[in-house]
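Content type TSV, C-alpha atoms and all ligand atoms, from the file data28.tsv:
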chain	number	residue	atom	x	y	z
A	1	MET	CA	-0.70	-4.26	-47.74
A	2	VAL	CA	1.55	-2.14	-45.53
A	3	GLU	CA	-1.46	-0.59	-43.93
A	4	SER	CA	-3.09	-3.88	-43.03
A	5	ALA	CA	0.14	-5.09	-41.40
A	6	THR	CA	0.09	-1.96	-39.24
A	7	HIS	CA	-3.49	-2.68	-38.31
A	8	THR	CA	-2.66	-6.23	-37.34
A	9	ARG	CA	0.16	-4.99	-35.15
A	10	LEU	CA	-2.14	-2.47	-33.50
A	11	ILE	CA	-4.78	-5.10	-32.82
A	12	VAL	CA	-2.18	-7.44	-31.34
A	13	PHE	CA	-0.86	-4.58	-29.20
A	14	PHE	CA	-4.27	-3.69	-27.78
A	15	GLY	CA	-5.07	-7.33	-27.29
A	16	LEU	CA	-1.95	-7.74	-25.17
A	17	ALA	CA	-2.67	-4.55	-23.24
A	18	LEU	CA	-6.18	-5.79	-22.49
A	19	ALA	CA	-4.91	-9.20	-21.39
A	20	ALA	CA	-2.37	-7.52	-19.12
A	21	SER	CA	-4.99	-5.36	-17.47
A	22	PHE	CA	-7.20	-8.39	-16.86
A	23	SER	CA	-4.43	-10.34	-15.20
A	24	LEU	CA	-3.65	-7.33	-12.99
A	25	ALA	CA	-7.28	-7.13	-11.95
A	26	ALA	CA	-7.23	-10.83	-11.10
A	27	ALA	CA	-4.31	-10.35	-8.67
A	28	GLN	CA	-6.67	-8.40	-6.41
A	29	ASP	CA	-9.97	-10.23	-6.33
A	30	PHE	CA	-11.89	-7.63	-4.36
A	31	PRO	CA	-11.38	-3.93	-3.82
A	32	PRO	CA	-9.56	-3.42	-0.51
A	33	ASP	CA	-11.86	-3.33	2.50
A	34	VAL	CA	-11.22	-0.29	4.70
A	35	THR	CA	-13.29	-1.68	7.57
A	36	ARG	CA	-11.08	-4.74	7.76
A	37	GLY	CA	-8.10	-2.46	7.11
A	38	ARG	CA	-9.01	-0.38	10.12
A	39	ALA	CA	-9.11	-3.46	12.36
A	40	VAL	CA	-5.68	-4.56	11.08
A	41	TYR	CA	-4.28	-1.05	11.47
A	42	GLU	CA	-5.57	-0.56	15.01
A	43	ARG	CA	-4.26	-3.92	16.12
A	44	HIS	CA	-0.82	-3.88	14.45
A	45	CYS	CA	0.13	-0.39	13.27
A	46	LEU	CA	-1.50	2.21	15.52
A	47	ALA	CA	1.01	1.83	18.39
A	48	CYS	CA	3.71	3.36	16.18
A	49	HIS	CA	1.97	5.24	13.38
A	50	GLY	CA	-0.79	6.72	15.58
A	51	ALA	CA	-4.58	6.62	15.42
A	52	GLY	CA	-4.65	9.25	12.68
A	53	GLY	CA	-1.52	8.09	10.88
A	54	TRP	CA	0.49	11.13	12.02
A	55	GLY	CA	3.39	8.99	13.25
A	56	ASP	CA	2.54	9.79	16.86
A	57	GLY	CA	1.42	6.47	18.31
A	58	PRO	CA	2.05	5.65	22.00
A	59	ASP	CA	5.24	3.72	21.17
A	60	ALA	CA	6.62	6.34	18.78
A	61	ALA	CA	8.53	8.35	21.39
A	62	THR	CA	10.67	5.37	22.39
A	63	LEU	CA	11.75	4.50	18.83
A	64	ARG	CA	15.16	5.36	17.44
A	65	VAL	CA	13.76	5.76	13.93
A	66	PRO	CA	10.47	7.67	14.07
A	67	PRO	CA	7.43	6.02	12.45
A	68	THR	CA	6.35	7.54	9.17
A	69	ASN	CA	3.80	10.32	9.32
A	70	PHE	CA	1.59	9.19	6.44
A	71	HIS	CA	0.34	12.75	5.88
A	72	ARG	CA	3.75	13.97	4.76
A	73	PHE	CA	4.07	14.53	1.04
A	74	THR	CA	7.10	12.28	0.83
A	75	SER	CA	4.83	9.43	1.92
A	76	VAL	CA	1.60	10.51	0.21
A	77	LEU	CA	3.34	10.68	-3.17
A	78	LYS	CA	4.58	7.10	-3.00
A	79	SER	CA	2.68	4.55	-5.06
A	80	ASP	CA	0.59	1.80	-3.48
A	81	GLU	CA	3.09	-0.71	-4.88
A	82	GLU	CA	5.98	0.98	-3.11
A	83	LEU	CA	4.19	1.20	0.25
A	84	LEU	CA	2.94	-2.38	-0.04
A	85	ARG	CA	6.51	-3.49	-0.69
A	86	THR	CA	7.60	-1.70	2.51
A	87	ILE	CA	4.81	-3.34	4.50
A	88	GLU	CA	5.70	-6.71	3.02
A	89	HIS	CA	9.47	-6.49	3.53
A	90	GLY	CA	9.96	-3.88	6.26
A	91	VAL	CA	12.69	-1.26	6.43
A	92	VAL	CA	16.18	-2.45	7.40
A	93	PHE	CA	17.68	-0.97	10.59
A	94	SER	CA	14.30	0.39	11.65
A	95	PRO	CA	11.50	-0.82	13.93
A	96	MET	CA	9.37	-1.30	10.81
A	97	HIS	CA	9.74	-5.04	10.40
A	98	SER	CA	8.38	-7.24	7.65
A	99	TRP	CA	4.69	-8.16	7.94
A	100	GLN	CA	4.99	-11.08	5.57
A	101	GLY	CA	3.77	-14.20	7.34
A	102	ILE	CA	1.98	-12.13	10.00
A	103	LEU	CA	-0.55	-10.48	7.72
A	104	THR	CA	-1.93	-11.91	4.49
A	105	GLU	CA	-1.53	-9.97	1.26
A	106	THR	CA	-5.20	-8.98	1.50
A	107	GLU	CA	-4.77	-7.71	5.05
A	108	ARG	CA	-1.76	-5.64	3.97
A	109	GLN	CA	-3.76	-4.16	1.10
A	110	ASP	CA	-6.69	-3.43	3.42
A	111	ALA	CA	-4.38	-1.72	5.93
A	112	LEU	CA	-2.93	0.46	3.18
A	113	ALA	CA	-6.43	1.37	2.00
A	114	TYR	CA	-7.21	2.49	5.54
A	115	ILE	CA	-3.98	4.53	5.69
A	116	ARG	CA	-4.97	6.24	2.42
A	117	LEU	CA	-8.39	6.97	3.91
A	118	LEU	CA	-6.84	8.53	7.03
A	119	VAL	CA	-4.71	10.78	4.83
A	120	GLN	CA	-7.69	11.72	2.69
A	121	GLN	CA	-9.68	12.65	5.79
A	122	GLY	CA	-6.75	14.64	7.17
A	123	ARG	CA	-7.32	13.51	10.71
B	201	LIG	C1	7.28	-0.78	15.91
B	201	LIG	C2	6.75	0.37	15.24
B	201	LIG	C3	6.00	0.17	13.94
B	201	LIG	C4	4.88	-0.62	13.72
B	201	LIG	C5	4.16	-1.50	14.72
B	201	LIG	C6	4.52	-0.42	12.33
B	201	LIG	N1	5.38	0.45	11.73
B	201	LIG	FE1	5.33	1.09	9.81
B	201	LIG	N2	7.02	2.13	10.08
B	201	LIG	C7	7.69	2.26	11.27
B	201	LIG	C8	8.88	3.08	11.07
B	201	LIG	C9	9.87	3.47	12.12
B	201	LIG	C10	8.87	3.45	9.71
B	201	LIG	C11	9.83	4.38	9.00
B	201	LIG	C12	11.10	3.72	8.56
B	201	LIG	C13	11.97	4.74	7.90
B	201	LIG	O1	11.80	5.95	8.11
B	201	LIG	O2	12.81	4.33	7.14
B	201	LIG	C14	7.69	2.83	9.11
B	201	LIG	C15	7.34	2.94	7.78
B	201	LIG	C16	6.18	2.45	7.24
B	201	LIG	C17	5.77	2.63	5.86
B	201	LIG	C18	6.55	3.35	4.77
B	201	LIG	C19	6.03	4.75	4.62
B	201	LIG	C20	6.71	5.52	3.52
B	201	LIG	O3	6.27	6.63	3.26
B	201	LIG	O4	7.67	5.02	2.94
B	201	LIG	C21	4.56	2.03	5.72
B	201	LIG	C22	3.71	1.97	4.47
B	201	LIG	C23	4.23	1.46	7.00
B	201	LIG	N3	5.23	1.74	7.89
B	201	LIG	C24	3.08	0.75	7.24
B	201	LIG	C25	2.84	0.06	8.41
B	201	LIG	C26	1.71	-0.83	8.60
B	201	LIG	C27	0.63	-1.09	7.57
B	201	LIG	C28	1.83	-1.33	9.85
B	201	LIG	C29	0.92	-2.32	10.52
B	201	LIG	C30	0.66	-3.55	9.82
B	201	LIG	C31	3.03	-0.76	10.45
B	201	LIG	N4	3.60	0.07	9.54
B	201	LIG	C32	3.45	-1.03	11.73
B	201	LIG	C33	7.34	1.70	12.49
B	201	LIG	C34	6.31	0.83	12.68
Encoded form (structure tokens):
Amino acid sequence: MVESATHTRLIVFFGLALAASFSLAAAQDFPPDVTRGRAVYERHCLACHGAGGWGDGPDAATLRVPPTNFHRFTSVLKSDEELLRTIEHGVVFSPMHSWQGILTETERQDALAYIRLLVQQGR
């Protein structure tokens, strides 16, 4: 009897875990599109973060707070969630403003996918 109760609990647990993973997958309908991400990045982000994501865009020199170099470990090690939150809300007292309302959630995810690609390519 005890054993079957344990089994039931296990089944319920995995059922919930499965349901949770499905609802997470639903939040992002498609995998991020790096081609679209590149277009977003070049239009909105390149001026500060630079063509290769090294934080050396044409506007970088004039900024009080330097744009993040995405190749630095402190940035690379951050989770997608954390970086997406920064893109969504911005960084207070820095030129990195919120992109909510300017870019859709999908565009922000695509831009991040492109940033990750730049870092992966190391250029
Ligand atoms: C006006 C200049 C500017 C523009 C344009 C800009 N950023 Fe930033 N961004 C910054 C600065 C400055 C920081 C660093 C703030 C700090 O060090 O606290 C930053 C930080 C970030 C971070 C956090 C990195 C980390 O490791 O925590 C992300 C992600 C980011 N920017 C993405 C973007 C994306 C995506 C775009 C385009 C949609 C964009 N930025 C456009 C200036 C800019």
*Counting only C-alpha atoms, what is within 9 Å of stretch 79-84 of chain A, bar same-chain residues fewer than 2 positions away, as a PyMOL selection string?*
chain A and resi 75-77+86-89+105+108-109+112-113
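Distance-wise, atom CA of A:Gly122 and atom O1 of ligand LIG 201 (chain B) end up 20.5 Å apart.
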*Find, counting all atoms listed in the file, the residue in A:Arg72, A:Arg116, A:Arg85, A:Arg43 that gets nearest to A:His97.*
A:Arg85
*Atom pair atom CA of A:Gly90 / atom N3 of ligand LIG 201 (chain B): separation (Å)*: 7.5 Å
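Of the listed residues A:Thr68, A:Thr104, A:Thr62, A:Gln121, the one whose atoms come nearest to ligand LIG 201 (chain B) is A:Thr68, with distances taken using only C-alpha atoms and all ligand atoms.
Separating atom C24 of ligand LIG 201 (chain B) from atom CA of A:Trp54 is a distance of 11.7 Å.
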_Selected residue, from A:Leu63, A:Cys45, A:Ile102, A:Ala5, that lies nearest to ligand LIG 201 (chain B) when counting only C-alpha atoms and all ligand atoms_ = A:Cys45
Mind checking which residues fall within 12 Å of A:Gly50, counting all atoms listed in the file, ignoring those fewer than 3 positions away in the same chain, and posting them as a PDB file with C-alpha atoms, in the coordinates of the input?
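Resulting contents of selection_24.pdb:
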ATOM      1  CA  TYR A  41      -4.280  -1.050  11.470  1.00  0.00           C
ATOM      2  CA  GLU A  42      -5.570  -0.560  15.010  1.00  0.00           C
ATOM      3  CA  ARG A  43      -4.260  -3.920  16.120  1.00  0.00           C
ATOM      4  CA  HIS A  44      -0.820  -3.880  14.450  1.00  0.00           C
ATOM      5  CA  CYS A  45       0.130  -0.390  13.270  1.00  0.00           C
ATOM      6  CA  LEU A  46      -1.500   2.210  15.520  1.00  0.00           C
ATOM      7  CA  ALA A  47       1.010   1.830  18.390  1.00  0.00           C
ATOM      8  CA  GLY A  53      -1.520   8.090  10.880  1.00  0.00           C
ATOM      9  CA  TRP A  54       0.490  11.130  12.020  1.00  0.00           C
ATOM     10  CA  GLY A  55       3.390   8.990  13.250  1.00  0.00           C
ATOM     11  CA  ASP A  56       2.540   9.790  16.860  1.00  0.00           C
ATOM     12  CA  GLY A  57       1.420   6.470  18.310  1.00  0.00           C
ATOM     13  CA  PRO A  58       2.050   5.650  22.000  1.00  0.00           C
ATOM     14  CA  ASP A  59       5.240   3.720  21.170  1.00  0.00           C
ATOM     15  CA  ALA A  60       6.620   6.340  18.780  1.00  0.00           C
ATOM     16  CA  ALA A  61       8.530   8.350  21.390  1.00  0.00           C
ATOM     17  CA  PRO A  66      10.470   7.670  14.070  1.00  0.00           C
ATOM     18  CA  PRO A  67       7.430   6.020  12.450  1.00  0.00           C
ATOM     19  CA  THR A  68       6.350   7.540   9.170  1.00  0.00           C
ATOM     20  CA  ASN A  69       3.800  10.320   9.320  1.00  0.00           C
ATOM     21  CA  PHE A  70       1.590   9.190   6.440  1.00  0.00           C
ATOM     22  CA  HIS A  71       0.340  12.750   5.880  1.00  0.00           C
ATOM     23  CA  ILE A 115      -3.980   4.530   5.690  1.00  0.00           C
ATOM     24  CA  LEU A 118      -6.840   8.530   7.030  1.00  0.00           C
ATOM     25  CA  ARG A 123      -7.320  13.510  10.710  1.00  0.00           C
TER      26      ARG A 123
END
Please write out, as AutoDock Vina command-line options, where the centre of an axis-aligned box around all listed atoms of ligand LIG 201 (chain B) lies and how long its edges are, in Å to one decimal, after adding 3 Å on each side.
--center_x 6.7 --center_y 1.5 --center_z 9.4 --size_x 18.2 --size_y 16.2 --size_z 19.0
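When only C-alpha atoms and all ligand atoms are used to measure the gap to ligand LIG 201 (chain B), the shortest distance among A:Met96, A:Gly52, A:Leu117, A:Arg64 belongs to A:Met96.
With only C-alpha atoms and all ligand atoms as the atoms that count, the residue of A:Gln100, A:Gln120, A:Thr74, A:Thr106 with the shortest distance to ligand LIG 201 (chain B) is A:Thr74.
Shortest atom-to-atom contact with ligand LIG 201 (chain B) among A:Gly101, A:Gly37, A:Pro95, A:Pro32: A:Pro95, counting all atoms listed in the file.
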